[in-house]
$ cat model_18.txt   # compact mmCIF, C-alpha atoms
# COMPACT_ATOMS: atom_id res chain seq x y z
CA MET A 1 37.65 114.51 112.51
CA ASP A 2 38.84 112.34 109.65
CA LEU A 3 37.80 111.60 106.10
CA ASP A 4 35.39 108.85 107.18
CA SER A 5 33.44 111.06 109.59
CA THR A 6 31.15 112.56 106.95
CA GLU A 7 28.69 109.66 107.32
CA GLY A 8 26.36 111.69 109.58
CA LEU A 9 25.88 114.18 106.77
CA ASN A 10 24.00 111.54 104.77
CA GLU A 11 20.95 112.28 106.94
CA ILE A 12 20.47 115.67 105.27
CA ARG A 13 17.55 115.39 102.85
CA SER A 14 18.36 117.94 100.17
CA ALA A 15 21.16 116.69 97.93
CA VAL A 16 22.42 120.22 97.30
CA TYR A 17 22.80 120.96 101.01
CA ARG A 18 24.24 117.53 101.67
CA ALA A 19 26.90 118.01 98.97
CA ALA A 20 27.68 121.54 100.15
CA LEU A 21 28.11 120.44 103.76
CA LYS A 22 30.32 117.51 102.77
CA LEU A 23 32.49 119.80 100.66
CA ARG A 24 32.73 122.33 103.49
CA THR A 25 33.60 119.59 105.98
CA LEU A 26 36.41 118.32 103.74
CA GLN A 27 37.57 121.88 103.11
CA LYS A 28 37.86 122.59 106.85
CA LEU A 29 39.38 119.18 107.60
CA CYS A 30 42.17 119.91 105.12
CA GLN A 31 42.49 123.55 106.24
CA MET A 32 41.88 124.57 102.61
CA HIS A 33 39.34 127.20 103.68
CA LEU A 34 42.37 129.33 104.61
CA VAL A 35 43.94 129.01 101.14
CA SER A 36 43.11 131.45 98.35
CA LEU A 37 43.77 131.02 94.64
CA GLN A 38 46.54 133.57 95.03
CA ASP A 39 48.17 131.25 97.59
CA LEU A 40 47.70 128.27 95.25
CA ARG A 41 49.12 129.97 92.16
CA PRO A 42 52.86 129.49 92.97
CA VAL A 43 52.33 125.81 93.78
CA LEU A 44 50.26 125.20 90.65
CA ASN A 45 52.81 127.07 88.51
CA THR A 46 55.59 124.86 89.89
CA LEU A 47 53.57 121.73 89.22
CA CYS A 48 52.64 122.89 85.71
CA SER A 49 56.15 124.00 84.75
CA SER A 50 56.52 121.22 82.17
CA GLY A 51 53.29 122.22 80.40
CA GLU A 52 52.16 118.59 80.05
CA PRO A 53 48.70 118.11 81.70
CA MET A 54 48.83 114.31 81.82
CA ILE A 55 51.75 114.23 84.24
CA SER A 56 51.49 111.68 87.03
CA LEU A 57 52.55 112.87 90.47
CA ALA A 58 53.89 110.58 93.16
CA GLN A 59 52.55 110.88 96.68
CA GLU A 60 55.85 112.32 97.94
CA ASP A 61 55.75 115.09 95.29
CA VAL A 62 52.17 116.03 96.16
CA GLN A 63 52.99 116.04 99.87
CA GLN A 64 56.08 118.22 99.32
CA HIS A 65 54.15 120.81 97.30
CA LEU A 66 51.29 120.85 99.78
CA GLU A 67 53.75 121.35 102.61
CA GLU A 68 55.18 124.36 100.75
CA LEU A 69 51.64 125.69 100.29
CA PHE A 70 50.71 125.36 103.95
CA GLN A 71 54.08 126.76 105.07
CA SER A 72 53.40 129.85 102.94
CA ILE A 73 50.14 130.48 104.82
CA SER A 74 51.39 129.22 108.20
CA HIS A 75 50.78 132.64 109.78
CA GLU A 76 47.05 131.80 109.56
CA LEU A 77 47.42 128.26 110.94
CA PRO A 78 48.25 127.03 114.42
CA ASP A 79 51.76 125.51 114.66
CA GLU A 80 50.63 121.89 114.61
CA ALA A 81 48.18 122.43 111.75
CA VAL A 82 50.74 122.52 108.90
CA PRO A 83 51.77 118.84 109.05
CA GLU A 84 48.20 117.76 109.78
CA ALA A 85 46.76 119.82 106.90
CA THR A 86 49.41 118.46 104.55
CA ASP A 87 48.71 114.86 105.56
CA GLN A 88 44.92 115.20 105.46
CA THR A 89 44.93 116.90 102.05
CA THR A 90 47.35 114.33 100.60
CA ARG A 91 45.22 111.48 101.97
CA LEU A 92 42.07 113.04 100.53
CA LEU A 93 43.60 113.52 97.07
CA PHE A 94 44.90 109.97 96.91
CA LYS A 95 41.66 108.52 98.30
CA LEU A 96 39.73 110.36 95.56
CA PHE A 97 42.02 109.87 92.58
CA ASP A 98 44.15 106.77 93.23
CA ARG A 99 41.50 104.06 93.34
CA GLU A 100 43.93 101.33 92.21
CA GLN A 101 46.44 102.44 94.88
CA THR A 102 49.28 102.91 92.41
CA GLY A 103 50.80 105.76 94.42
CA VAL A 104 50.43 108.30 91.61
CA ILE A 105 47.67 110.70 90.55
CA LEU A 106 47.27 113.02 87.58
CA LEU A 107 48.36 116.63 87.85
CA ARG A 108 45.05 117.76 86.33
CA SER A 109 43.16 116.03 89.16
CA VAL A 110 45.31 117.70 91.82
CA GLU A 111 44.82 121.12 90.24
CA ALA A 112 41.04 120.75 89.99
CA ALA A 113 40.65 119.42 93.53
CA LEU A 114 42.83 122.10 95.12
CA ILE A 115 40.98 124.85 93.27
CA ALA A 116 37.59 123.38 94.25
CA LEU A 117 38.63 123.06 97.90
CA CYS A 118 40.27 126.47 98.28
CA GLY A 119 38.50 129.16 100.28
CA ASP A 120 38.06 131.64 97.44
CA THR A 121 34.78 132.78 95.92
CA LEU A 122 32.86 130.59 93.53
CA SER A 123 33.52 132.94 90.61
CA ALA A 124 37.27 132.91 91.36
CA LYS A 125 37.19 129.11 91.41
CA HIS A 126 35.42 129.07 88.04
CA ARG A 127 38.09 131.38 86.59
CA GLY A 128 40.82 129.15 88.05
CA LEU A 129 39.31 125.98 86.62
CA PHE A 130 38.78 127.65 83.25
CA TYR A 131 42.40 128.85 83.25
CA ILE A 132 43.84 125.37 83.91
CA HIS A 133 41.54 124.02 81.20
CA LEU A 134 42.93 126.58 78.72
CA ILE A 135 46.58 125.94 79.51
CA SER A 136 46.15 122.19 79.30
CA LYS A 137 45.09 122.32 75.65
$ encode --input "model_18.txt" --output "structure tokens"
Amino acid sequence: MDLDSTEGLNEIRSAVYRAALKLRTLQKLCQMHLVSLQDLRPVLNTLCSSGEPMISLAQEDVQQHLEELFQSISHELPDEAVPEATDQTTRLLFKLFDREQTGVILLRSVEAALIALCGDTLSAKHRGLFYIHLISK
């Protein structure tokens, strides 16, 4: 499955279900359903170490941090899944947030997308998004 294979989901009538299924499909494609906010926290703290929310991240930096993330949860993933999850998640982030294909995306976008895609509860995701909003002010 790749990022372009969500076309069949457009047949679902209810927009809420359609959006939920697309999000779940992307989450599983990127193996983010295995990642909790607790797993994300060290990566996000490393990315946010400068305290500046408008930082631009190069594709190599994003890929390196995602690789660290998936390595840290590799006990839950099959051996070949770590490089694939890293590549798929990097591709998704840059497809979403780098429309002009500059090779860089904003840190705030990466944080929000990773929190939204993680496998934690909805209330935990809300707390995570609220927290990054507070620290970025």
$ atom_distance --input "model_18.txt" --atom1 "atom CA of Ala112 of chain A" --atom2 "atom CA of Arg13 of chain A"
27.3 Å
$ atom_distance --input "model_18.txt" --atom1 "atom CA of Thr90 of chain A" --atom2 "atom CA of Glu11 of chain A"
27.2 Å
$ closest_residue --input "model_18.txt" --among "A:Leu44, A:Leu37, A:Leu29, A:Leu114" --to "Arg127 of chain A" --atoms "all atoms listed in the file"
A:Leu37
$ closest_residue --input "model_18.txt" --among "A:Val110, A:Ala19, A:Ala81, A:Leu26" --to "Gln63 of chain A" --atoms "only C-alpha atoms"
A:Val110
$ closest_residue --input "model_18.txt" --among "A:Gly103, A:Pro83, A:Gly128, A:Pro42" --to "Ile115 of chain A" --atoms "all atoms listed in the file"
A:Gly128
$ residues_around --input "model_18.txt" --residues "Glu84 of chain A" --least-positions-apart "4" --cutoff "9 Å" --atoms "all atoms listed in the file" --output "list in words"
Cys30, Gln31, Glu80, Gln88 and Thr89 of chain A
$ atom_distance --input "model_18.txt" --atom1 "atom CA of Ala124 of chain A" --atom2 "atom CA of Val35 of chain A"
12.5 Å
$ closest_residue --input "model_18.txt" --among "A:Gln38, A:Thr86, A:Ser109, A:Ser56" --to "Phe70 of chain A" --atoms "only C-alpha atoms"
A:Thr86
$ residues_around --input "model_18.txt" --residues "Val82 of chain A" --least-positions-apart "4" --cutoff "9 Å" --atoms "all atoms listed in the file" --output "number ranges by chain"
A: 31, 67, 70-71, 73-74, 77-78, 86-87
$ closest_residue --input "model_18.txt" --among "A:Ala85, A:Val16, A:Met32, A:Leu93" --to "Leu117 of chain A" --atoms "only C-alpha atoms"
A:Met32
$ axis_aligned_box --input "model_18.txt" --around "segment 30-39 of chain A" --padding-each-side "8 Å" --output "JSON"
{"center_x": 43.8, "center_y": 126.7, "center_z": 100.4, "size_x": 24.8, "size_y": 29.7, "size_z": 27.6}
$ closest_residue --input "model_18.txt" --among "A:Leu21, A:Cys48, A:Val43, A:Leu96" --to "His65 of chain A" --atoms "all atoms listed in the file"
A:Val43
$ decode --input "model_18.txt" --residues "segment 92-111 of chain A" --atoms "N, CA, C and O atoms" --output "mmCIF file, in the first residue's frame"
data_model
loop_
_atom_site.group_PDB
_atom_site.id
_atom_site.type_symbol
_atom_site.label_atom_id
_atom_site.label_comp_id
_atom_site.auth_asym_id
_atom_site.auth_seq_id
_atom_site.Cartn_x
_atom_site.Cartn_y
_atom_site.Cartn_z
ATOM 1 N N LEU A 92 5.127 11.087 3.512
ATOM 2 C CA LEU A 92 3.823 11.663 3.832
ATOM 3 C C LEU A 92 3.968 13.096 4.328
ATOM 4 O O LEU A 92 3.264 13.995 3.855
ATOM 5 N N LEU A 93 4.886 13.332 5.256
ATOM 6 C CA LEU A 93 5.071 14.680 5.805
ATOM 7 C C LEU A 93 5.455 15.677 4.718
ATOM 8 O O LEU A 93 4.929 16.797 4.681
ATOM 9 N N PHE A 94 6.349 15.288 3.837
ATOM 10 C CA PHE A 94 6.782 16.214 2.793
ATOM 11 C C PHE A 94 5.725 16.362 1.690
ATOM 12 O O PHE A 94 5.618 17.429 1.091
ATOM 13 N N LYS A 95 4.929 15.335 1.461
ATOM 14 C CA LYS A 95 3.835 15.464 0.496
ATOM 15 C C LYS A 95 2.767 16.420 1.030
ATOM 16 O O LYS A 95 2.180 17.190 0.278
ATOM 17 N N LEU A 96 2.537 16.375 2.337
ATOM 18 C CA LEU A 96 1.538 17.256 2.956
ATOM 19 C C LEU A 96 2.004 18.696 3.089
ATOM 20 O O LEU A 96 1.250 19.628 2.837
ATOM 21 N N PHE A 97 3.250 18.893 3.527
ATOM 22 C CA PHE A 97 3.686 20.212 3.966
ATOM 23 C C PHE A 97 4.732 20.892 3.094
ATOM 24 O O PHE A 97 5.109 22.027 3.370
ATOM 25 N N ASP A 98 5.212 20.231 2.052
ATOM 26 C CA ASP A 98 6.211 20.835 1.173
ATOM 27 C C ASP A 98 5.653 20.896 -0.247
ATOM 28 O O ASP A 98 6.164 20.273 -1.171
ATOM 29 N N ARG A 99 4.601 21.666 -0.414
ATOM 30 C CA ARG A 99 3.919 21.757 -1.712
ATOM 31 C C ARG A 99 4.803 22.340 -2.807
ATOM 32 O O ARG A 99 4.686 21.987 -3.968
ATOM 33 N N GLU A 100 5.707 23.268 -2.439
ATOM 34 C CA GLU A 100 6.592 23.877 -3.437
ATOM 35 C C GLU A 100 7.856 23.055 -3.666
ATOM 36 O O GLU A 100 8.739 23.456 -4.406
ATOM 37 N N GLN A 101 7.970 21.919 -2.989
ATOM 38 C CA GLN A 101 9.111 21.006 -3.099
ATOM 39 C C GLN A 101 10.441 21.710 -2.847
ATOM 40 O O GLN A 101 11.393 21.576 -3.608
ATOM 41 N N THR A 102 10.497 22.441 -1.735
ATOM 42 C CA THR A 102 11.716 23.130 -1.340
ATOM 43 C C THR A 102 12.670 22.223 -0.572
ATOM 44 O O THR A 102 13.828 22.558 -0.409
ATOM 45 N N GLY A 103 12.155 21.102 -0.066
ATOM 46 C CA GLY A 103 12.993 20.184 0.701
ATOM 47 C C GLY A 103 13.024 20.494 2.184
ATOM 48 O O GLY A 103 13.762 19.853 2.924
ATOM 49 N N VAL A 104 12.223 21.469 2.619
ATOM 50 C CA VAL A 104 12.144 21.797 4.043
ATOM 51 C C VAL A 104 10.671 21.962 4.444
ATOM 52 O O VAL A 104 9.841 22.364 3.636
ATOM 53 N N ILE A 105 10.385 21.616 5.712
ATOM 54 C CA ILE A 105 9.049 21.820 6.271
ATOM 55 C C ILE A 105 9.201 22.400 7.671
ATOM 56 O O ILE A 105 10.268 22.295 8.280
ATOM 57 N N LEU A 106 8.146 23.019 8.156
ATOM 58 C CA LEU A 106 8.191 23.650 9.469
ATOM 59 C C LEU A 106 8.097 22.617 10.583
ATOM 60 O O LEU A 106 7.333 21.645 10.492
ATOM 61 N N LEU A 107 8.851 22.876 11.635
ATOM 62 C CA LEU A 107 8.845 22.021 12.816
ATOM 63 C C LEU A 107 7.433 21.875 13.369
ATOM 64 O O LEU A 107 7.000 20.792 13.725
ATOM 65 N N ARG A 108 6.696 22.968 13.440
ATOM 66 C CA ARG A 108 5.334 22.951 13.977
ATOM 67 C C ARG A 108 4.450 21.978 13.185
ATOM 68 O O ARG A 108 3.626 21.276 13.758
ATOM 69 N N SER A 109 4.627 21.912 11.892
ATOM 70 C CA SER A 109 3.854 20.994 11.055
ATOM 71 C C SER A 109 4.201 19.540 11.364
ATOM 72 O O SER A 109 3.318 18.688 11.447
ATOM 73 N N VAL A 110 5.482 19.275 11.533
ATOM 74 C CA VAL A 110 5.934 17.916 11.855
ATOM 75 C C VAL A 110 5.364 17.489 13.202
ATOM 76 O O VAL A 110 4.832 16.384 13.343
ATOM 77 N N GLU A 111 5.458 18.364 14.189
ATOM 78 C CA GLU A 111 4.939 18.047 15.525
ATOM 79 C C GLU A 111 3.451 17.721 15.467
ATOM 80 O O GLU A 111 3.014 16.704 16.000
#
